[in-house]
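A.B. asks: I'm passing along upload07.cif; it holds mmCIF, C-alpha atoms.
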data_input
#
loop_
_atom_site.label_atom_id
_atom_site.label_comp_id
_atom_site.auth_asym_id
_atom_site.auth_seq_id
_atom_site.Cartn_x
_atom_site.Cartn_y
_atom_site.Cartn_z
CA MET I 23 5.59 -7.18 16.64
CA ALA I 24 7.52 -4.02 17.45
CA SER I 25 7.63 -2.08 14.17
CA VAL I 26 7.53 -2.20 10.40
CA ALA I 27 9.84 -0.34 8.03
CA LEU I 28 9.00 0.18 4.37
CA ARG I 29 11.56 1.14 1.74
CA SER I 30 10.68 1.27 -1.95
CA SER I 31 13.25 3.75 -3.25
CA ARG I 32 17.01 3.29 -3.58
CA SER I 33 18.96 3.35 -0.34
CA PHE I 34 22.64 3.89 0.42
CA SER I 35 24.56 1.00 -1.17
CA ASP I 36 27.81 -0.41 0.14
CA SER I 37 29.53 0.39 -3.13
CA THR I 38 28.77 4.10 -2.95
CA THR I 39 28.64 5.03 0.75
CA SER I 40 31.14 7.63 1.86
CA GLU I 41 31.50 10.52 4.24
CA SER I 42 29.87 12.72 1.60
CA SER I 43 26.84 10.40 1.79
CA ALA I 44 26.76 10.88 5.54
CA LEU I 45 26.95 14.65 5.10
CA ALA I 46 24.17 14.60 2.50
CA PHE I 47 22.00 12.64 4.91
CA ALA I 48 22.74 15.07 7.72
CA LEU I 49 21.82 18.01 5.47
CA ARG I 50 18.58 16.32 4.51
CA VAL I 51 17.45 15.92 8.09
CA GLY I 52 18.46 19.46 8.97
CA GLU I 53 21.48 18.72 11.14
CA ALA I 54 24.09 20.45 8.98
CA ASP I 55 24.33 23.82 7.28
CA PRO I 56 25.07 24.09 3.53
CA THR I 57 28.68 25.09 4.21
CA GLY I 58 29.38 21.55 5.37
CA ALA I 59 29.48 22.12 9.14
CA PRO I 60 27.30 19.31 10.49
CA LYS I 61 26.42 18.90 14.10
CA PRO I 62 29.04 16.36 15.23
CA ARG I 63 26.89 14.01 17.25
CA LEU I 64 24.38 13.21 14.49
CA LEU I 65 27.05 12.91 11.80
CA ASP I 66 29.00 10.50 13.99
CA ARG I 67 25.87 8.37 14.30
CA VAL I 68 25.28 8.45 10.55
CA ARG I 69 28.90 7.51 9.83
CA ALA I 70 28.66 4.59 12.26
CA ALA I 71 25.47 3.41 10.59
CA ILE I 72 26.52 3.50 6.93
CA LEU I 73 30.31 3.31 6.71
CA PRO I 74 32.06 -0.08 6.63
CA GLY I 75 32.61 -1.80 9.96
CA SER I 76 35.66 -3.73 11.01
CA GLY I 77 36.40 -7.12 12.51
CA SER I 78 36.35 -10.65 11.19
CA VAL I 79 33.17 -12.55 10.39
CA SER I 80 32.36 -16.23 10.94
CA SER I 81 30.23 -18.08 8.40
CA GLU I 82 28.24 -21.31 8.71
CA THR I 83 25.92 -23.06 6.27
CA PHE I 84 23.03 -25.35 7.23
CA MET I 85 20.51 -27.51 5.42
CA VAL I 86 17.36 -27.14 7.52
CA PRO I 87 14.43 -29.56 7.12
CA ALA I 88 11.31 -27.82 5.81
CA LEU I 89 7.91 -28.39 7.38
CA ASP I 90 7.07 -30.56 4.37
CA PRO I 91 8.90 -33.91 3.99
CA GLY I 92 11.68 -34.33 1.49
CA ILE I 93 12.66 -30.63 1.33
CA GLN I 94 15.89 -29.16 2.69
CA LEU I 95 16.36 -25.41 3.00
CA HIS I 96 19.69 -23.67 2.48
CA VAL I 97 20.39 -21.34 5.42
CA ARG I 98 23.59 -19.31 5.87
CA ASN I 99 24.69 -17.55 9.04
CA LYS I 100 27.24 -14.75 9.35
CA ARG I 101 28.17 -13.19 12.68
CA PRO I 102 31.08 -11.50 14.46
CA ALA I 103 33.89 -14.04 14.89
CA GLY I 104 34.02 -15.57 18.36
CA GLU I 105 30.44 -14.63 19.31
CA ASP I 106 27.50 -16.99 19.65
CA ARG I 107 25.15 -15.24 22.06
CA PHE I 108 22.82 -12.56 20.72
CA SER I 109 19.67 -10.81 21.89
CA ALA I 110 16.56 -10.83 19.74
CA GLU I 111 17.28 -7.27 18.66
CA ARG I 112 20.59 -8.37 17.09
CA ILE I 113 19.35 -11.35 15.06
CA VAL I 114 18.06 -10.89 11.50
CA LEU I 115 16.81 -13.23 8.76
CA PHE I 116 16.88 -12.14 5.10
CA VAL I 117 14.76 -13.67 2.33
CA HIS I 118 14.98 -13.19 -1.43
CA GLY I 119 12.54 -12.12 -4.11
CA ALA I 120 10.92 -14.07 -6.94
CA THR I 121 13.86 -14.46 -9.32
CA PHE I 122 17.26 -14.69 -7.64
CA PRO I 123 18.40 -16.60 -4.53
CA SER I 124 19.34 -15.01 -1.23
CA GLU I 125 23.01 -15.77 -1.76
CA THR I 126 23.37 -13.36 -4.67
CA GLY I 127 21.12 -10.75 -3.13
CA PHE I 128 22.56 -10.58 0.37
CA ASP I 129 25.96 -12.28 0.34
CA ILE I 130 27.68 -11.56 -2.96
CA GLU I 131 31.23 -10.28 -2.54
CA LEU I 132 31.41 -7.11 -4.63
CA PRO I 133 33.28 -3.85 -3.93
CA GLY I 134 31.97 -2.47 -0.65
CA GLY I 135 31.13 -5.92 0.72
CA SER I 136 27.89 -7.86 1.02
CA TRP I 137 24.85 -6.86 3.06
CA MET I 138 25.36 -9.91 5.27
CA ASP I 139 28.97 -8.94 6.01
CA PHE I 140 27.91 -5.32 6.54
CA VAL I 141 25.49 -6.17 9.36
CA ALA I 142 27.62 -8.97 10.83
CA ARG I 143 30.50 -6.53 11.30
CA ARG I 144 28.12 -4.32 13.24
CA GLY I 145 27.34 -7.01 15.76
CA PHE I 146 24.37 -8.75 14.15
CA ASP I 147 23.74 -12.46 13.91
CA ALA I 148 22.66 -12.50 10.25
CA TYR I 149 20.95 -15.33 8.37
CA PHE I 150 19.44 -15.87 4.96
CA VAL I 151 17.20 -18.64 3.67
CA ASP I 152 16.40 -19.87 0.15
CA VAL I 153 12.83 -21.11 -0.14
CA ARG I 154 12.25 -24.35 -2.02
CA GLY I 155 13.19 -24.18 -5.69
CA TYR I 156 15.78 -21.44 -5.16
CA GLY I 157 19.51 -21.38 -4.66
CA ARG I 158 20.89 -24.45 -2.93
CA SER I 159 17.57 -25.52 -1.38
CA THR I 160 15.75 -28.56 -2.69
CA ARG I 161 14.46 -28.08 -6.22
CA PRO I 162 11.24 -29.95 -7.06
CA ALA I 163 11.35 -32.71 -9.64
CA ALA I 164 9.24 -30.51 -11.91
CA MET I 165 12.32 -28.38 -12.53
CA GLU I 166 14.02 -31.32 -14.25
CA GLN I 167 11.30 -31.35 -16.92
CA PRO I 168 10.28 -28.72 -19.50
CA PRO I 169 8.49 -25.78 -17.81
CA ALA I 170 5.18 -26.43 -19.57
CA ALA I 171 5.03 -30.03 -18.31
CA ASN I 172 4.01 -29.06 -14.77
CA ALA I 173 1.99 -26.53 -12.82
CA PRO I 174 3.69 -23.73 -10.82
CA PHE I 175 5.15 -24.57 -7.42
CA ALA I 176 6.46 -22.68 -4.37
CA ASP I 177 3.65 -20.17 -4.08
CA THR I 178 3.55 -17.61 -1.28
CA ARG I 179 1.90 -20.04 1.15
CA GLU I 180 4.66 -22.62 0.65
CA ALA I 181 7.31 -19.91 0.95
CA VAL I 182 5.80 -18.81 4.28
CA ARG I 183 6.09 -22.41 5.48
CA ASP I 184 9.77 -22.44 4.51
CA ILE I 185 10.35 -19.14 6.32
CA THR I 186 8.60 -20.64 9.34
CA ALA I 187 11.04 -23.56 9.35
CA ALA I 188 14.02 -21.19 9.11
CA VAL I 189 12.75 -18.94 11.90
CA GLU I 190 12.08 -21.90 14.19
CA PHE I 191 15.61 -23.16 13.54
CA ILE I 192 17.09 -19.79 14.53
CA LEU I 193 14.87 -19.33 17.58
CA LYS I 194 15.89 -22.74 18.89
CA ARG I 195 19.55 -22.25 18.04
CA ARG I 196 19.82 -18.92 19.84
CA GLY I 197 17.24 -19.44 22.57
CA VAL I 198 15.31 -16.25 21.78
CA PRO I 199 11.55 -15.67 21.41
CA ARG I 200 11.67 -13.52 18.26
CA ILE I 201 13.97 -12.09 15.57
CA ASN I 202 14.13 -9.32 12.95
CA LEU I 203 12.97 -10.06 9.40
CA VAL I 204 14.04 -8.44 6.12
CA GLY I 205 12.20 -9.22 2.89
CA TRP I 206 13.13 -8.00 -0.59
CA SER I 207 10.62 -7.71 -3.47
CA TRP I 208 8.46 -10.90 -3.40
CA GLY I 209 10.18 -11.51 -0.06
CA THR I 210 8.18 -8.58 1.34
CA THR I 211 5.02 -10.56 0.62
CA THR I 212 6.32 -13.81 2.11
CA LYS I 213 7.83 -12.11 5.17
CA ALA I 214 4.67 -10.05 5.75
CA GLY I 215 2.65 -13.25 5.46
CA TYR I 216 4.82 -14.89 8.10
CA ALA I 217 4.61 -11.83 10.38
CA ALA I 218 0.82 -11.71 10.09
CA GLU I 219 0.60 -15.32 11.26
CA ASN I 220 3.35 -15.07 13.91
CA PRO I 221 3.49 -11.50 15.28
CA ALA I 222 4.93 -12.60 18.63
CA LYS I 223 8.00 -14.05 16.88
CA VAL I 224 8.86 -10.85 15.00
CA GLU I 225 10.99 -8.15 16.63
CA LYS I 226 11.01 -5.84 13.59
CA LEU I 227 9.85 -6.31 10.02
CA VAL I 228 11.65 -4.55 7.15
CA LEU I 229 10.04 -4.58 3.70
CA TYR I 230 12.59 -3.54 1.07
CA ALA I 231 11.24 -2.66 -2.42
CA PRO I 232 7.76 -3.99 -1.58
CA VAL I 233 5.59 -5.64 -4.19
CA TRP I 234 2.80 -3.11 -4.65
CA PHE I 235 0.55 -3.27 -7.68
CA LEU I 236 0.93 -5.00 -11.05
CA PRO I 237 -1.49 -3.73 -13.72
CA GLN I 238 -0.87 -6.99 -15.62
CA PRO I 239 0.14 -10.38 -14.23
CA PRO I 240 3.65 -11.52 -15.23
CA PRO I 241 3.63 -13.40 -18.57
CA TYR I 242 4.99 -16.63 -17.09
CA GLN I 243 3.58 -20.09 -17.67
CA GLY I 244 4.40 -23.56 -16.41
CA ALA I 245 6.42 -24.68 -13.42
CA TYR I 246 9.39 -22.35 -13.83
CA ARG I 247 11.01 -19.75 -16.05
CA ILE I 248 14.56 -19.32 -17.25
CA GLY I 249 16.90 -16.39 -17.66
CA THR I 250 20.15 -16.10 -19.58
CA ARG I 251 23.00 -13.69 -18.92
CA ASP I 252 21.87 -11.40 -21.74
CA SER I 253 18.14 -11.56 -21.01
CA VAL I 254 18.64 -10.80 -17.32
CA ARG I 255 20.97 -7.84 -17.83
CA PRO I 256 18.23 -5.31 -18.79
CA PHE I 257 16.14 -6.45 -15.81
CA ASN I 258 19.17 -6.16 -13.54
CA SER I 259 19.91 -2.59 -14.67
CA ALA I 260 16.33 -1.32 -14.91
CA GLY I 261 16.03 2.15 -13.43
CA ILE I 262 19.64 3.10 -14.12
CA PRO I 263 20.06 5.78 -16.81
CA LYS I 264 21.53 4.08 -19.88
CA GLU I 265 24.52 6.40 -19.97
CA ARG I 266 25.40 5.47 -16.36
CA ILE I 267 24.95 1.67 -16.39
CA GLU I 268 28.67 0.96 -16.72
CA GLU I 269 29.41 3.45 -13.93
CA ILE I 270 26.83 2.14 -11.46
CA SER I 271 26.66 -1.53 -12.51
CA PRO I 272 29.92 -2.33 -14.33
CA THR I 273 29.91 -5.37 -16.61
CA GLU I 274 32.69 -6.91 -14.51
CA TRP I 275 30.48 -6.77 -11.42
CA TYR I 276 27.47 -8.06 -13.33
CA ASP I 277 29.41 -11.02 -14.70
CA LYS I 278 30.64 -11.94 -11.22
CA TRP I 279 27.08 -11.71 -9.87
CA TRP I 280 25.73 -13.79 -12.78
CA ALA I 281 28.39 -16.47 -12.27
CA ALA I 282 27.41 -16.65 -8.59
CA ASN I 283 23.78 -17.20 -9.59
CA LEU I 284 24.73 -20.03 -11.96
CA ALA I 285 26.78 -21.65 -9.18
CA THR I 286 23.54 -22.12 -7.22
CA ASP I 287 21.83 -23.87 -10.17
CA PRO I 288 24.21 -26.48 -11.68
CA VAL I 289 21.49 -28.00 -13.86
CA GLY I 290 20.61 -24.66 -15.40
CA ALA I 291 24.28 -23.77 -15.70
CA SER I 292 24.91 -26.95 -17.74
CA ARG I 293 22.56 -25.87 -20.52
CA ASN I 294 23.65 -24.07 -23.67
CA PRO I 295 23.40 -21.18 -23.14
CA PRO I 296 23.58 -21.39 -19.34
CA VAL I 297 20.35 -20.36 -17.58
CA LEU I 298 19.07 -19.62 -14.10
CA ARG I 299 15.77 -21.27 -13.25
CA SER I 300 13.13 -19.50 -11.10
CA ARG I 301 9.59 -20.42 -10.11
CA THR I 302 6.61 -18.80 -11.86
CA ALA I 303 3.93 -18.86 -9.13
#
Please express what this file holds, its structure, as C-alpha cells.
C.D. replies:
Amino acid sequence: MASVALRSSRSFSDSTTSESSALAFALRVGEADPTGAPKPRLLDRVRAAILPGSGSVSSETFMVPALDPGIQLHVRNKRPAGEDRFSAERIVLFVHGATFPSETGFDIELPGGSWMDFVARRGFDAYFVDVRGYGRSTRPAAMEQPPAANAPFADTREAVRDITAAVEFILKRRGVPRINLVGWSWGTTTKAGYAAENPAKVEKLVLYAPVWFLPQPPPYQGAYRIGTRDSVRPFNSAGIPKERIEEISPTEWYDKWWAANLATDPVGASRNPPVLRSRTA
C-alpha cells in the first residue's frame, strides 16, 4: 500500500471553493504574500486541484453479487465520457459511514456538484458501494420487522466482505492490480479493515473524518434504527454555528438531500412520518 491520508477537520467543499480559497491555501503554505501576490506556479496547481473541472461524465450502475449468497451490492461508476481505460492511480472507490448511503454522501447533486462528478471531471474512474442494508443494496429481512425483533446486522466484518466484493469487481473490470480507497466516518474503519487484509490491492487509502474514540457507545438497540427529517437535521448540521446554519446548509439543500435519502429506502419512506433506516451494529 503506497500511502495513507487522514482528514478529520473540514476540507474545501464544492459549494464554497473559489479563487479566494486557492489564495488562502497558498498563503497558508507560504507561497503568497499578504498583499495577494501568490507565486503563480503553486496557485495554478491549487486552482486546478480545487476549482470545478469541465467535460461530460458517463454514469453506470451495477448490482454486484456479495461474497455471501443472496446479497446484491449497489455500485455506481462515474468517469470521463468516452474513456474506459484507467491506471490504478486514477481509480477510486468511495464507501459511506454508519447512517447514510454512499449515494447521498458522494453523488448528491447540490450547488457545486457532487464529489463523484468532481473527481470524474478530473480524469478519475470513480465508484461507490453501499454495503448490505444501505441504499439500494440488499436489505436483510430483519429490516422488515420492528427493530427490537432481531439482533444487529452488517457489522464491520460483513462490511469489509462487501467492500472486498466491490474491489474485486473493479479490479476485474479494469484489469488493474489495485485501486485507491476513500472511507468516510464508519467507512474509515471498514476501508482500513479491508486495507489491512489486502495491502497489495490498495494504491492509496484516504480516511475522511475517521472514527476515533467514543466515550460512550451509541444508544442504539435492535437490528436497525430510524431517522426522520426533523430528527436528522440537528445531526446533519452539528458543528455549524446556529446563526450560520441557513447560510452553510440551507433548508432547501437539506430537503433535497433528505428526499434523496428516502428515495433509497422506499419501505422507510412509506411510513408516517417517512424514515430512513440504518443498521445499529
A.B. asks: Against range 93-101 of chain I, which residues of range 158-196 of chain I fall within 12 Å? For each one I want the closest pair of atoms and the distance in Å (one decimal), counting all atoms listed in the file, rows by chain and increasing residue number, as CSV.
C.D. replies:
residue,atom,partner,partner_atom,distance
I:Arg158,CA,I:His96,CA,5.6
I:Ser159,CA,I:Leu95,CA,4.5
I:Thr160,CA,I:Gln94,CA,5.4
I:Arg161,CA,I:Ile93,CA,8.2
I:Pro162,CA,I:Ile93,CA,8.5
I:Ala163,CA,I:Ile93,CA,11.2
I:Ala176,CA,I:Ile93,CA,11.6
I:Glu180,CA,I:Ile93,CA,11.3
I:Ala181,CA,I:Leu95,CA,10.8
I:Arg183,CA,I:Leu95,CA,11.0
I:Asp184,CA,I:Leu95,CA,7.4
I:Ile185,CA,I:Leu95,CA,9.3
I:Thr186,CA,I:Leu95,CA,11.1
I:Ala187,CA,I:Leu95,CA,8.5
I:Ala188,CA,I:Val97,CA,7.4
I:Val189,CA,I:Val97,CA,10.3
I:Phe191,CA,I:Val97,CA,9.6
I:Ile192,CA,I:Asn99,CA,9.6
I:Arg195,CA,I:Asn99,CA,11.4
I:Arg196,CA,I:Asn99,CA,11.9
A.B. asks: Could you tell me how far CA of Pro296 in chain I sits from CA of Arg251 in chain I, in Å to one decimal place?
C.D. replies: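 Taking CA of Arg251 in chain I as the start and CA of Pro296 in chain I as the end point, the length is 7.7 Å.
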A.B. asks: Just checking: using only C-alpha atoms, which residue out of I:Gly104, I:Pro133, I:Gly92, I:Pro232 ends up closest to Glu274 in chain I?
C.D. replies: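 Under the stated criterion, the closest residue is I:Pro133.
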A.B. asks: So how many Å separate CA of Arg200 in chain I and CA of Phe146 in chain I, to one decimal?
C.D. replies: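 These atoms are spaced 14.2 Å apart.
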A.B. asks: Could you list, as a PyMOL selection string, every residue matched by the PyMOL selection byres ((chain I and resi 216-221) around 8) in this structure?
C.D. replies: chain I and resi 23+182+185-186+212-215+222-224+227
A.B. asks: Expand the PyMOL selection byres ((chain I and resi 285) around 12) into the explicit residue set it covers here, and present it as a list in words.
C.D. replies: Phe122, Pro123, Glu125, Thr126, Ile130, Tyr156, Gly157, Arg158, Lys278, Trp279, Trp280, Ala281, Ala282, Asn283, Leu284, Thr286, Asp287, Pro288, Val289, Gly290, Ala291, Ser292, Pro296, Val297, Leu298 and Arg299 of chain I
A.B. asks: For each of I:Thr210, I:Ile201, I:Leu115, I:Thr250, take the minimum atom-to-atom distance to Trp234 in chain I, counting only C-alpha atoms, then give the residue where this is smallest.
C.D. replies: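 Once distances to Trp234 in chain I are computed over only C-alpha atoms, the minimum belongs to I:Thr210.
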A.B. asks: By how many Å are CA of Ile267 in chain I and CA of Ser253 in chain I apart?
C.D. replies: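 Result for CA of Ile267 in chain I versus CA of Ser253 in chain I: 15.6 Å, one decimal.
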A.B. asks: Between I:Tyr242, I:Tyr276, I:Phe175, I:Phe235, which has the minimum distance to Val254 in chain I (counting only C-alpha atoms)?
C.D. replies: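 Among I:Tyr242, I:Tyr276, I:Phe175, I:Phe235, it is I:Tyr276 that comes nearest to Val254 in chain I.
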A.B. asks: As a check of understanding, name the residues that the PyMOL selection byres ((chain I and resi 165) around 9) selects in the supplied structure, as an NGL selection string.
C.D. replies: :I and (155 or 161-164 or 166-169 or 172 or 245-246 or 299 or 301)
